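**Student:** Please find run_20.txt (compact mmCIF, C-alpha atoms) on the next line:
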```
# COMPACT_ATOMS: atom_id res chain seq x y z
CA MET A 1 163.30 -21.50 -54.07
CA SER A 2 163.24 -25.12 -55.06
CA MET A 3 160.18 -27.28 -54.87
CA ASP A 4 161.65 -29.19 -51.93
CA GLN A 5 162.29 -26.03 -50.03
CA LEU A 6 158.80 -24.78 -50.77
CA ILE A 7 157.22 -28.03 -49.59
CA THR A 8 159.43 -28.00 -46.48
CA THR A 9 158.46 -24.39 -45.74
CA ILE A 10 154.76 -25.13 -46.23
CA LEU A 11 154.91 -28.26 -44.04
CA THR A 12 156.91 -26.44 -41.36
CA SER A 13 154.46 -23.52 -41.37
CA THR A 14 151.54 -25.89 -41.20
CA ALA A 15 153.13 -27.82 -38.34
CA VAL A 16 153.95 -24.65 -36.44
CA THR A 17 150.48 -23.24 -37.05
CA SER A 18 148.90 -26.52 -35.92
CA ALA A 19 151.08 -26.64 -32.84
CA LEU A 20 150.27 -23.03 -32.01
CA GLY A 21 146.59 -23.71 -32.64
CA LEU A 22 146.71 -26.72 -30.37
CA LEU A 23 148.51 -24.76 -27.69
CA PHE A 24 145.99 -21.93 -27.95
CA ARG A 25 143.12 -24.41 -27.79
CA VAL A 26 144.56 -26.09 -24.71
CA TRP A 27 145.19 -22.72 -23.10
CA TRP A 28 141.70 -21.43 -24.00
CA GLU A 29 140.03 -24.58 -22.79
CA HIS A 30 141.98 -24.42 -19.53
CA ARG A 31 141.05 -20.77 -19.07
CA LEU A 32 137.41 -21.42 -19.77
CA ARG A 33 137.31 -24.44 -17.43
CA SER A 34 139.00 -22.45 -14.65
CA GLY A 35 136.49 -19.61 -15.08
CA PHE A 36 133.54 -21.99 -15.13
CA GLU A 37 134.81 -23.96 -12.18
CA ALA A 38 135.31 -20.78 -10.16
CA GLN A 39 131.81 -19.61 -11.07
CA LEU A 40 130.43 -23.05 -10.33
CA GLU A 41 132.15 -23.05 -6.97
CA GLN A 42 130.78 -19.57 -6.20
CA GLN A 43 127.27 -20.60 -7.19
CA LYS A 44 127.57 -23.80 -5.20
CA GLU A 45 128.56 -21.82 -2.13
CA ALA A 46 125.77 -19.30 -2.69
CA HIS A 47 123.26 -22.14 -3.07
CA GLU A 48 124.55 -23.87 0.00
CA ILE A 49 124.19 -20.66 2.02
CA ALA A 50 120.68 -20.11 0.63
CA LEU A 51 119.79 -23.73 1.33
CA THR A 52 121.05 -23.52 4.91
CA ASP A 53 119.13 -20.28 5.38
CA MET A 54 115.98 -21.87 3.99
CA GLN A 55 116.46 -24.88 6.23
CA HIS A 56 116.75 -22.61 9.29
CA ARG A 57 113.70 -20.62 8.30
CA PHE A 58 111.72 -23.78 7.62
CA GLN A 59 112.83 -25.18 10.97
CA ASP A 60 111.74 -21.95 12.73
CA GLU A 61 108.38 -21.97 10.98
CA LEU A 62 107.91 -25.63 11.80
CA GLU A 63 108.68 -24.95 15.46
CA ARG A 64 106.31 -21.99 15.50
CA ALA A 65 103.53 -24.01 13.82
CA ARG A 66 104.13 -26.87 16.24
CA ALA A 67 103.98 -24.52 19.27
CA GLU A 68 100.81 -22.89 17.90
CA MET A 69 99.23 -26.27 17.32
CA ASN A 70 100.15 -27.39 20.84
CA LEU A 71 98.62 -24.23 22.28
CA GLN A 72 95.47 -24.70 20.20
CA ASN A 73 95.24 -28.32 21.34
CA GLN A 74 95.65 -27.26 24.97
CA ILE A 75 92.95 -24.59 24.60
CA ALA A 76 90.65 -27.07 22.84
CA GLN A 77 91.25 -29.57 25.66
CA VAL A 78 90.49 -26.98 28.36
CA LEU A 79 87.32 -25.92 26.52
CA MET A 80 86.30 -29.53 26.05
CA ASP A 81 86.90 -30.38 29.73
CA ARG A 82 84.93 -27.33 30.83
CA ARG A 83 82.12 -28.12 28.43
CA VAL A 84 81.91 -31.76 29.46
CA LYS A 85 81.87 -30.74 33.14
CA PHE A 86 79.13 -28.10 32.82
CA TYR A 87 77.05 -29.89 30.19
CA SER A 88 76.99 -33.11 32.25
CA ARG A 89 75.77 -31.11 35.23
CA ILE A 90 73.10 -29.36 33.12
CA VAL A 91 71.88 -32.72 31.76
CA GLU A 92 71.70 -34.07 35.32
CA LEU A 93 69.64 -31.06 36.49
CA VAL A 94 67.36 -31.24 33.45
CA TYR A 95 66.69 -34.93 34.23
CA ARG A 96 66.05 -34.13 37.87
CA ILE A 97 63.60 -31.32 37.05
CA ARG A 98 61.68 -33.50 34.59
CA ASN A 99 61.56 -36.46 36.98
CA THR A 100 60.53 -34.33 39.98
CA LEU A 101 57.65 -32.86 38.00
CA ARG A 102 56.61 -36.31 36.75
CA GLY A 103 56.70 -37.59 40.34
CA ALA A 104 54.50 -34.70 41.52
CA LEU A 105 51.98 -35.39 38.75
CA GLU A 106 51.91 -39.11 39.56
CA GLU A 107 51.32 -38.44 43.26
CA GLN A 108 48.92 -35.55 42.53
CA VAL A 109 49.77 -34.07 45.93
CA VAL A 110 52.41 -31.42 46.37
CA GLU A 111 54.32 -30.78 49.58
CA PRO A 112 55.92 -27.38 50.25
CA GLU A 113 59.37 -28.96 50.61
CA HIS A 114 59.01 -30.60 47.15
CA VAL A 115 58.39 -27.19 45.61
CA THR A 116 61.32 -25.70 47.55
CA ARG A 117 63.58 -28.50 46.27
CA PHE A 118 62.22 -28.04 42.76
CA LYS A 119 63.00 -24.32 42.93
CA GLY A 120 66.48 -25.10 44.27
CA THR A 121 67.14 -27.36 41.27
CA ILE A 122 65.94 -24.62 38.88
CA ASP A 123 68.25 -22.11 40.63
CA ASN A 124 71.15 -24.54 40.19
CA LEU A 125 70.27 -24.95 36.51
CA GLU A 126 70.18 -21.17 36.11
CA GLU A 127 73.60 -20.91 37.73
CA MET A 128 74.99 -23.61 35.42
CA ILE A 129 73.53 -21.83 32.38
CA PHE A 130 75.20 -18.63 33.55
CA CYS A 131 78.56 -20.38 34.10
CA SER A 132 78.54 -22.08 30.71
CA ARG A 133 76.79 -19.33 28.73
CA PHE A 134 79.79 -18.75 26.43
CA ASP A 135 80.04 -22.44 25.52
CA LEU A 136 76.27 -22.68 25.11
CA GLU A 137 76.23 -19.60 22.89
CA ARG A 138 79.14 -20.84 20.77
CA ASP A 139 77.54 -24.26 20.33
CA ARG A 140 74.14 -22.60 19.70
CA TYR A 141 72.61 -24.57 22.57
CA PHE A 142 71.69 -21.54 24.64
CA GLU A 143 68.14 -21.15 23.28
CA PRO A 144 66.91 -24.71 23.97
CA VAL A 145 68.50 -24.83 27.44
CA HIS A 146 67.15 -21.39 28.34
CA ARG A 147 63.71 -22.35 27.04
CA PHE A 148 63.77 -25.50 29.19
CA LYS A 149 64.67 -23.39 32.23
CA ASN A 150 61.65 -21.16 31.56
CA ASP A 151 59.43 -24.23 31.12
CA ALA A 152 60.62 -25.27 34.57
CA VAL A 153 59.88 -21.80 36.01
CA ASN A 154 56.35 -21.99 34.55
CA ALA A 155 55.95 -25.48 36.06
CA ARG A 156 57.20 -24.23 39.42
CA ASN A 157 54.65 -21.39 39.38
CA LEU A 158 51.91 -23.94 38.63
CA LEU A 159 53.16 -26.18 41.45
CA LEU A 160 52.98 -23.21 43.83
CA ASP A 161 49.42 -22.52 42.62
CA LEU A 162 48.57 -26.18 43.16
CA LEU A 163 49.94 -25.99 46.66
CA GLU A 164 47.92 -22.85 47.32
CA TYR A 165 44.65 -24.49 46.15
CA GLN A 166 45.50 -27.63 48.13
CA GLN A 167 45.85 -25.55 51.29
CA ARG A 168 42.59 -23.74 50.52
CA ALA A 169 40.93 -27.12 49.79
CA ASN A 170 39.68 -25.67 46.53
CA VAL A 171 39.16 -28.89 44.53
CA GLU A 172 37.82 -27.34 41.36
CA ASP A 173 40.63 -24.84 40.80
CA ARG A 174 43.14 -27.43 41.95
CA GLU A 175 41.98 -29.70 39.11
CA LEU A 176 42.31 -26.84 36.63
CA VAL A 177 45.89 -26.19 37.74
CA LEU A 178 46.67 -29.90 37.68
CA SER A 179 45.43 -30.04 34.10
CA ALA A 180 47.59 -27.01 33.17
CA LEU A 181 50.52 -28.66 34.92
CA ARG A 182 50.05 -31.82 32.85
CA GLU A 183 50.17 -29.73 29.67
CA GLN A 184 53.24 -27.92 30.95
CA TYR A 185 54.86 -31.29 31.68
CA GLN A 186 54.30 -32.40 28.06
CA ILE A 187 56.09 -29.25 26.83
CA LEU A 188 58.87 -29.62 29.38
CA ASP A 189 59.31 -33.33 28.58
CA ALA A 190 59.67 -32.61 24.85
CA HIS A 191 62.22 -29.87 25.52
CA HIS A 192 64.01 -32.11 28.03
CA THR A 193 64.53 -34.73 25.27
CA GLU A 194 65.91 -32.06 22.96
CA VAL A 195 68.29 -30.60 25.56
CA VAL A 196 69.57 -34.01 26.70
CA GLY A 197 70.10 -35.02 23.05
CA LEU A 198 72.06 -31.86 22.27
CA LEU A 199 74.18 -31.76 25.42
CA SER A 200 75.06 -35.48 25.23
CA SER A 201 75.84 -35.45 21.51
CA PRO A 202 79.26 -36.64 20.25
CA HIS A 203 80.07 -32.99 19.46
CA VAL A 204 80.34 -32.25 23.19
CA PHE A 205 83.01 -34.94 23.66
CA THR A 206 84.89 -34.54 20.37
CA GLY A 207 84.38 -30.92 19.39
CA VAL A 208 83.33 -32.10 15.92
CA LYS A 209 79.83 -31.40 14.62
CA PHE A 210 78.46 -34.55 12.99
CA MET B 1 45.16 -3.38 42.15
CA PRO B 2 48.95 -3.53 41.56
CA ARG B 3 50.01 -3.71 37.96
CA VAL B 4 53.37 -5.30 37.28
CA LEU B 5 55.25 -5.11 34.01
CA LEU B 6 57.88 -7.79 33.52
CA LEU B 7 60.86 -6.83 31.39
CA LEU B 8 62.08 -10.21 30.19
CA SER B 9 64.84 -11.39 27.86
CA ILE B 10 62.44 -13.46 25.85
CA LEU B 11 58.74 -14.24 26.18
CA TYR B 12 59.07 -17.84 27.35
CA MET B 13 57.48 -17.09 30.69
CA ASP B 14 53.75 -17.75 30.61
CA ILE B 15 52.12 -14.52 31.82
CA ASP B 16 48.70 -16.25 31.83
CA ILE B 17 49.92 -18.55 34.63
CA LEU B 18 50.77 -15.51 36.75
CA ASN B 19 47.55 -13.69 35.88
CA HIS B 20 45.46 -16.72 36.91
CA SER B 21 47.55 -17.56 39.95
CA PRO B 22 45.89 -17.61 43.39
CA ARG B 23 49.19 -16.29 44.76
CA PHE B 24 48.76 -13.01 42.84
CA GLU B 25 45.01 -12.52 43.11
CA ASN B 26 45.22 -8.77 43.30
CA THR B 27 48.00 -8.30 40.79
CA VAL B 28 47.90 -7.95 37.01
CA PHE B 29 50.93 -8.82 34.94
CA ASP B 30 52.08 -7.83 31.50
CA ALA B 31 55.42 -8.41 29.81
CA LEU B 32 57.83 -6.88 27.35
CA ALA B 33 60.60 -8.90 25.70
CA LEU B 34 63.98 -7.26 25.18
CA SER B 35 65.03 -9.78 22.55
CA ASP B 36 62.24 -8.54 20.23
CA LEU B 37 63.88 -5.12 19.94
CA PRO B 38 66.12 -4.24 16.96
CA GLU B 39 69.83 -4.19 17.77
CA ASP B 40 70.55 -0.97 15.87
CA HIS B 41 67.83 1.16 17.54
CA PHE B 42 67.63 -0.77 20.79
CA GLU B 43 67.36 2.08 23.30
CA THR B 44 65.02 4.24 21.20
CA THR B 45 62.66 1.35 20.53
CA LEU B 46 62.75 0.25 24.16
CA CYS B 47 61.89 3.80 25.29
CA GLU B 48 58.99 3.89 22.82
CA ASN B 49 57.72 0.47 23.91
CA LEU B 50 58.02 1.39 27.59
CA ARG B 51 56.16 4.65 26.94
CA GLY B 52 53.45 2.64 25.20
CA LYS B 53 53.17 0.27 28.15
CA LEU B 54 53.14 3.15 30.64
CA ASP B 55 50.18 4.62 28.75
CA SER B 56 48.23 1.44 28.01
CA PHE B 57 49.03 -0.86 30.95
CA GLN B 58 49.91 1.81 33.54
CA PRO B 59 52.19 -0.36 35.70
CA ASN B 60 53.00 0.47 39.33
CA GLN B 61 56.03 -1.73 39.22
CA ILE B 62 58.47 -2.93 36.60
CA ILE B 63 60.45 -6.08 37.33
CA LEU B 64 63.57 -6.43 35.25
CA HIS B 65 64.91 -9.89 34.46
CA ALA B 66 68.68 -9.38 34.18
CA GLY B 67 69.14 -12.14 31.63
CA ARG B 68 71.07 -12.41 28.40
CA ALA B 69 69.33 -9.55 26.58
CA PHE B 70 69.90 -7.21 29.53
CA GLN B 71 73.55 -8.26 29.80
CA LYS B 72 74.02 -7.19 26.18
CA HIS B 73 72.54 -3.71 26.69
CA PRO B 74 72.58 -2.95 30.44
CA ARG B 75 73.17 0.78 30.01
CA ALA B 76 70.45 1.21 27.37
CA VAL B 77 67.91 -0.74 29.46
CA LEU B 78 68.64 1.19 32.66
CA SER B 79 68.61 4.51 30.78
CA ALA B 80 65.21 3.67 29.29
CA LEU B 81 63.95 2.68 32.75
CA ARG B 82 65.30 5.91 34.21
CA ALA B 83 63.39 7.85 31.53
CA SER B 84 60.22 5.90 32.45
CA GLN B 85 60.75 6.70 36.12
CA LEU B 86 61.17 10.39 35.35
CA ARG B 87 57.86 10.26 33.52
CA GLU B 88 56.12 8.31 36.30
CA PRO B 89 57.89 9.17 39.57
CA ALA B 90 55.77 6.70 41.58
CA LEU B 91 56.93 3.81 39.40
CA GLN B 92 59.00 1.25 41.32
CA ILE B 93 61.62 -0.74 39.45
CA GLY B 94 62.95 -4.01 40.82
CA CYS B 95 65.32 -6.61 39.47
CA ASP B 96 65.78 -10.35 39.87
CA ARG B 97 69.50 -9.81 40.47
CA SER B 98 71.19 -7.83 43.24
CA PRO B 99 72.48 -4.30 42.49
CA GLU B 100 75.99 -5.71 42.85
CA VAL B 101 75.43 -8.14 39.96
CA VAL B 102 73.81 -5.39 37.85
CA ARG B 103 76.78 -3.11 38.56
CA ARG B 104 79.11 -5.87 37.33
CA TYR B 105 77.10 -6.20 34.10
CA LEU B 106 77.32 -2.43 33.60
CA GLU B 107 81.07 -2.39 34.18
CA GLN B 108 81.61 -5.33 31.84
CA ALA B 109 79.57 -3.67 29.08
CA SER B 110 81.25 -0.24 29.35
CA PRO B 111 84.05 -0.09 31.94
CA GLN B 112 84.79 3.62 31.50
CA GLU B 113 81.34 4.99 32.21
CA GLU B 114 79.70 5.77 35.53
CA THR B 115 77.30 3.24 37.04
CA VAL B 116 76.00 4.86 40.24
CA GLY B 117 73.34 7.05 38.61
CA LEU B 118 71.95 4.21 36.55
CA LEU B 119 72.03 1.74 39.44
CA ALA B 120 69.89 4.12 41.50
CA VAL B 121 67.00 3.31 39.16
CA ILE B 122 66.63 -0.11 40.79
CA VAL B 123 64.83 -0.12 44.09
CA GLU B 124 65.44 -2.83 46.67
CA ASN B 125 62.68 -3.23 49.25
CA ASP B 126 61.08 -6.23 50.94
CA ALA B 127 57.86 -6.05 48.95
CA LEU B 128 59.71 -6.03 45.62
CA LEU B 129 62.13 -8.76 46.70
CA GLU B 130 59.18 -10.95 47.77
CA LEU B 131 57.42 -10.33 44.48
CA VAL B 132 60.56 -11.23 42.52
CA SER B 133 61.06 -14.44 44.50
CA LYS B 134 57.46 -15.44 43.80
CA ILE B 135 57.74 -14.87 40.05
CA PHE B 136 61.18 -16.19 39.07
```
Could you express the structure from this file as structure tokens?

**Tutor:**
Amino acid sequence: MSMDQLITTILTSTAVTSALGLLFRVWWEHRLRSGFEAQLEQQKEAHEIALTDMQHRFQDELERARAEMNLQNQIAQVLMDRRVKFYSRIVELVYRIRNTLRGALEEQVVEPEHVTRFKGTIDNLEEMIFCSRFDLERDRYFEPVHRFKNDAVNARNLLLDLLEYQQRANVEDRELVLSALREQYQILDAHHTEVVGLLSSPHVFTGVKF
Amino acid sequence: MPRVLLLLSILYMDIDILNHSPRFENTVFDALALSDLPEDHFETTLCENLRGKLDSFQPNQIILHAGRAFQKHPRAVLSALRASQLREPALQIGCDRSPEVVRRYLEQASPQEETVGLLAVIVENDALLELVSKIF
């Protein structure tokens, strides 16, 4: 083999090898890209399905949370309305009891119908306490309101005693009862301020304890 | 002289007012508060306290205030009162609520159990009703 032939053979082999290498590279790259693209497409689809599923679940949960929140708001509103209604009535009765007793002490003479009315107001207060006992218990207002009611019952018993001594014209004992009634009024007045303060507090109208 | 034991929820009622009242000149009052009793041994302690009062105060009548404390333990209170009545058969037991209301409290507290036997503990007569209306 001559030198020319050898060089030609080497160059030809090199060219063929390079061409084959290039072809293989192009083929390999194409194969790889196709595989990757197929995988990518599969993953994309899987992600899209997962994403859609997540969106649906999120939407469901959002709806559920929204419905729950609406229900809670409705319940809170009903409770608030009920509380405002009963508490306003209790405050009104507490005022009336305190003022009636103050009036009796100012006049220093008790009429049977005054005591009957006073008892009627206490009975109404007792009924209101009974109707709103769950709200009062939950708000921890039951004790002061109940204590006020008992102050009023004590005052009513003293008023009845006063009436009895008035009818018997027993001045000395009447004075003793009047003095006890004044003391009872001081207690009742202090508890009245506490009850009115509690039952008219912003908490009653907002549901938030300040 | 009649001796009346008041079974109250809490001792806010001034017993001295009643004991010095011209309206109850021949009556002596004493009181027992249900709210002072321990929750875990409520009935046992109430029975003991009632026994103590039956011995020391010797009441002819017991007036039950069916308030919050009673509403919590209606069966225990009425059972303890029934035990007191068995011990002192002449003892009269009244209540500031009608038997119908007491029955409702019993049913609310334990719907499955019988109420008739326990309700029979409470007596309703004119003298007791008048006494109740004068106290509460």

**Student:** Tell me which protein, DNA and RNA residues are within 12 Å of His73 in chain B, counting only C-alpha atoms, leaving out same-chain ones fewer than 3 positions away, and put them as a count of residues only.

**Tutor:** 28

**Student:** Taking 2 positions as the minimum chain separation for residues in the same chain, which residues sit within 9 Å of Glu124 in chain B when counting all atoms listed in the file? Answer as a ChimeraX atom specification.

**Tutor:** /B:93-95,98-99,122,126-129

**Student:** For Asn19 in chain B, work out the shell of residues within 12 Å, counting only C-alpha atoms and skipping chain neighbours fewer than 2 positions away, then give it as an MDAnalysis selection string.

**Tutor:** (chainID A and resid 157:158 161) or (chainID B and resid 2:5 13:17 21:31 135)

**Student:** To one decimal in Å, tell me the separation between CA of Val196 in chain A and CA of Val94 in chain A.

**Tutor:**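 Computing it gives 7.6 Å between the two atoms.
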
**Student:** Just the number, please: distance in Å from CA of Val132 in chain B to CA of His65 in chain B, one decimal.

**Tutor:**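 Here the two named atoms are 9.3 Å from each other.
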
**Student:** Can you check which residues of chain A have any atom within 10 Å of chain B? Use only C-alpha atoms and format it as a ChimeraX atom specification.

**Tutor:** /A:119,122-123,130,133,142-143,146-158,160-165,168,173,177,180

**Student:** Grab the residues selected above and save them as a CSV table (one decimal), in the coordinates of the input with C-alpha atoms.

**Tutor:**
```csv
chain,number,residue,atom,x,y,z
A,119,LYS,CA,63.0,-24.3,42.9
A,122,ILE,CA,65.9,-24.6,38.9
A,123,ASP,CA,68.2,-22.1,40.6
A,130,PHE,CA,75.2,-18.6,33.6
A,133,ARG,CA,76.8,-19.3,28.7
A,142,PHE,CA,71.7,-21.5,24.6
A,143,GLU,CA,68.1,-21.2,23.3
A,146,HIS,CA,67.2,-21.4,28.3
A,147,ARG,CA,63.7,-22.4,27.0
A,148,PHE,CA,63.8,-25.5,29.2
A,149,LYS,CA,64.7,-23.4,32.2
A,150,ASN,CA,61.6,-21.2,31.6
A,151,ASP,CA,59.4,-24.2,31.1
A,152,ALA,CA,60.6,-25.3,34.6
A,153,VAL,CA,59.9,-21.8,36.0
A,154,ASN,CA,56.4,-22.0,34.6
A,155,ALA,CA,56.0,-25.5,36.1
A,156,ARG,CA,57.2,-24.2,39.4
A,157,ASN,CA,54.6,-21.4,39.4
A,158,LEU,CA,51.9,-23.9,38.6
A,160,LEU,CA,53.0,-23.2,43.8
A,161,ASP,CA,49.4,-22.5,42.6
A,162,LEU,CA,48.6,-26.2,43.2
A,163,LEU,CA,49.9,-26.0,46.7
A,164,GLU,CA,47.9,-22.8,47.3
A,165,TYR,CA,44.6,-24.5,46.2
A,168,ARG,CA,42.6,-23.7,50.5
A,173,ASP,CA,40.6,-24.8,40.8
A,177,VAL,CA,45.9,-26.2,37.7
A,180,ALA,CA,47.6,-27.0,33.2
```

**Student:** List every protein, DNA or RNA residue that has at least one atom no more than 12 Å from (78.3, -22.1, 33.4) in the file's coordinates, counting all atoms listed in the file, and write the result as a list in words.

**Tutor:**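 All residues meeting the 12 Å criterion around (78.3, -22.1, 33.4) are Leu79, Arg82, Arg83, Val84, Lys85, Phe86, Tyr87, Ser88, Arg89, Ile90, Asn124, Leu125, Glu126, Glu127, Met128, Ile129, Phe130, Cys131, Ser132, Arg133, Phe134, Asp135, Leu136, Glu137, Phe142 and Val145 of chain A.
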
**Student:** State, in Å with one decimal place, the distance from CA of Gln186 in chain A to CA of Leu93 in chain A.

**Tutor:**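 The value is 17.6 Å.
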
**Student:** Quick one: of A:Asn70, A:Leu181, A:Arg138, A:Arg96, who's nearest to Gly120 in chain A, counting only C-alpha atoms?

**Tutor:**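 For Gly120 in chain A, the nearest of the given residues is A:Arg96.
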
**Student:** Box for range 38-57 of chain B - axis-aligned, 6 Å on each of the six sides, all listed atoms - centre and size in Å to one decimal, as JSON.

**Tutor:**
```
{"center_x": 59.4, "center_y": 0.2, "center_z": 23.4, "size_x": 34.3, "size_y": 20.9, "size_z": 27.1}
```

**Student:** Complete range 162-188 of chain A at the level of N, CA and C atoms, written as a PDB file, in the coordinates of the input.

**Tutor:**
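Below is the file rebuild37.pdb, written as the result:
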```
ATOM      1  N   LEU A 162      49.173 -24.916  42.727  1.00  0.00           N
ATOM      2  CA  LEU A 162      48.570 -26.180  43.160  1.00  0.00           C
ATOM      3  C   LEU A 162      48.609 -26.301  44.677  1.00  0.00           C
ATOM      4  N   LEU A 163      49.760 -25.958  45.208  1.00  0.00           N
ATOM      5  CA  LEU A 163      49.940 -25.990  46.660  1.00  0.00           C
ATOM      6  C   LEU A 163      48.962 -25.041  47.349  1.00  0.00           C
ATOM      7  N   GLU A 164      48.824 -23.866  46.771  1.00  0.00           N
ATOM      8  CA  GLU A 164      47.920 -22.850  47.320  1.00  0.00           C
ATOM      9  C   GLU A 164      46.470 -23.374  47.346  1.00  0.00           C
ATOM     10  N   TYR A 165      46.024 -23.968  46.219  1.00  0.00           N
ATOM     11  CA  TYR A 165      44.650 -24.490  46.150  1.00  0.00           C
ATOM     12  C   TYR A 165      44.467 -25.701  47.070  1.00  0.00           C
ATOM     13  N   GLN A 166      45.545 -26.484  47.198  1.00  0.00           N
ATOM     14  CA  GLN A 166      45.500 -27.630  48.130  1.00  0.00           C
ATOM     15  C   GLN A 166      45.231 -27.128  49.550  1.00  0.00           C
ATOM     16  N   GLN A 167      45.985 -26.101  49.936  1.00  0.00           N
ATOM     17  CA  GLN A 167      45.850 -25.550  51.290  1.00  0.00           C
ATOM     18  C   GLN A 167      44.472 -24.917  51.509  1.00  0.00           C
ATOM     19  N   ARG A 168      43.917 -24.353  50.414  1.00  0.00           N
ATOM     20  CA  ARG A 168      42.590 -23.740  50.520  1.00  0.00           C
ATOM     21  C   ARG A 168      41.468 -24.780  50.362  1.00  0.00           C
ATOM     22  N   ALA A 169      41.879 -26.017  50.052  1.00  0.00           N
ATOM     23  CA  ALA A 169      40.930 -27.120  49.790  1.00  0.00           C
ATOM     24  C   ALA A 169      39.962 -26.756  48.652  1.00  0.00           C
ATOM     25  N   ASN A 170      40.473 -26.055  47.681  1.00  0.00           N
ATOM     26  CA  ASN A 170      39.680 -25.670  46.530  1.00  0.00           C
ATOM     27  C   ASN A 170      39.880 -26.725  45.434  1.00  0.00           C
ATOM     28  N   VAL A 171      38.987 -27.721  45.410  1.00  0.00           N
ATOM     29  CA  VAL A 171      39.160 -28.890  44.530  1.00  0.00           C
ATOM     30  C   VAL A 171      39.039 -28.502  43.059  1.00  0.00           C
ATOM     31  N   GLU A 172      38.085 -27.677  42.758  1.00  0.00           N
ATOM     32  CA  GLU A 172      37.820 -27.340  41.360  1.00  0.00           C
ATOM     33  C   GLU A 172      39.019 -26.631  40.702  1.00  0.00           C
ATOM     34  N   ASP A 173      39.489 -25.587  41.345  1.00  0.00           N
ATOM     35  CA  ASP A 173      40.630 -24.840  40.800  1.00  0.00           C
ATOM     36  C   ASP A 173      41.902 -25.689  40.845  1.00  0.00           C
ATOM     37  N   ARG A 174      41.984 -26.538  41.845  1.00  0.00           N
ATOM     38  CA  ARG A 174      43.140 -27.430  41.950  1.00  0.00           C
ATOM     39  C   ARG A 174      43.210 -28.335  40.719  1.00  0.00           C
ATOM     40  N   GLU A 175      42.046 -28.848  40.300  1.00  0.00           N
ATOM     41  CA  GLU A 175      41.980 -29.700  39.110  1.00  0.00           C
ATOM     42  C   GLU A 175      42.389 -28.945  37.860  1.00  0.00           C
ATOM     43  N   LEU A 176      41.957 -27.675  37.786  1.00  0.00           N
ATOM     44  CA  LEU A 176      42.310 -26.840  36.630  1.00  0.00           C
ATOM     45  C   LEU A 176      43.835 -26.658  36.545  1.00  0.00           C
ATOM     46  N   VAL A 177      44.430 -26.386  37.715  1.00  0.00           N
ATOM     47  CA  VAL A 177      45.890 -26.190  37.740  1.00  0.00           C
ATOM     48  C   VAL A 177      46.617 -27.496  37.424  1.00  0.00           C
ATOM     49  N   LEU A 178      46.071 -28.586  37.938  1.00  0.00           N
ATOM     50  CA  LEU A 178      46.670 -29.900  37.680  1.00  0.00           C
ATOM     51  C   LEU A 178      46.661 -30.200  36.181  1.00  0.00           C
ATOM     52  N   SER A 179      45.551 -29.831  35.542  1.00  0.00           N
ATOM     53  CA  SER A 179      45.430 -30.040  34.100  1.00  0.00           C
ATOM     54  C   SER A 179      46.465 -29.174  33.354  1.00  0.00           C
ATOM     55  N   ALA A 180      46.595 -27.908  33.801  1.00  0.00           N
ATOM     56  CA  ALA A 180      47.590 -27.010  33.170  1.00  0.00           C
ATOM     57  C   ALA A 180      49.004 -27.536  33.408  1.00  0.00           C
ATOM     58  N   LEU A 181      49.199 -28.109  34.581  1.00  0.00           N
ATOM     59  CA  LEU A 181      50.520 -28.660  34.920  1.00  0.00           C
ATOM     60  C   LEU A 181      50.855 -29.867  34.038  1.00  0.00           C
ATOM     61  N   ARG A 182      49.836 -30.673  33.739  1.00  0.00           N
ATOM     62  CA  ARG A 182      50.050 -31.820  32.850  1.00  0.00           C
ATOM     63  C   ARG A 182      50.471 -31.341  31.461  1.00  0.00           C
ATOM     64  N   GLU A 183      49.806 -30.299  30.983  1.00  0.00           N
ATOM     65  CA  GLU A 183      50.170 -29.730  29.670  1.00  0.00           C
ATOM     66  C   GLU A 183      51.598 -29.182  29.713  1.00  0.00           C
ATOM     67  N   GLN A 184      51.897 -28.486  30.803  1.00  0.00           N
ATOM     68  CA  GLN A 184      53.240 -27.920  30.950  1.00  0.00           C
ATOM     69  C   GLN A 184      54.286 -29.032  30.991  1.00  0.00           C
ATOM     70  N   TYR A 185      53.934 -30.159  31.609  1.00  0.00           N
ATOM     71  CA  TYR A 185      54.860 -31.290  31.680  1.00  0.00           C
ATOM     72  C   TYR A 185      55.158 -31.831  30.276  1.00  0.00           C
ATOM     73  N   GLN A 186      54.110 -31.906  29.437  1.00  0.00           N
ATOM     74  CA  GLN A 186      54.300 -32.400  28.060  1.00  0.00           C
ATOM     75  C   GLN A 186      55.312 -31.514  27.322  1.00  0.00           C
ATOM     76  N   ILE A 187      55.162 -30.203  27.494  1.00  0.00           N
ATOM     77  CA  ILE A 187      56.090 -29.250  26.830  1.00  0.00           C
ATOM     78  C   ILE A 187      57.500 -29.447  27.382  1.00  0.00           C
ATOM     79  N   LEU A 188      57.568 -29.481  28.713  1.00  0.00           N
ATOM     80  CA  LEU A 188      58.870 -29.620  29.380  1.00  0.00           C
ATOM     81  C   LEU A 188      59.555 -30.944  29.013  1.00  0.00           C
TER      82      LEU A 188
END
```
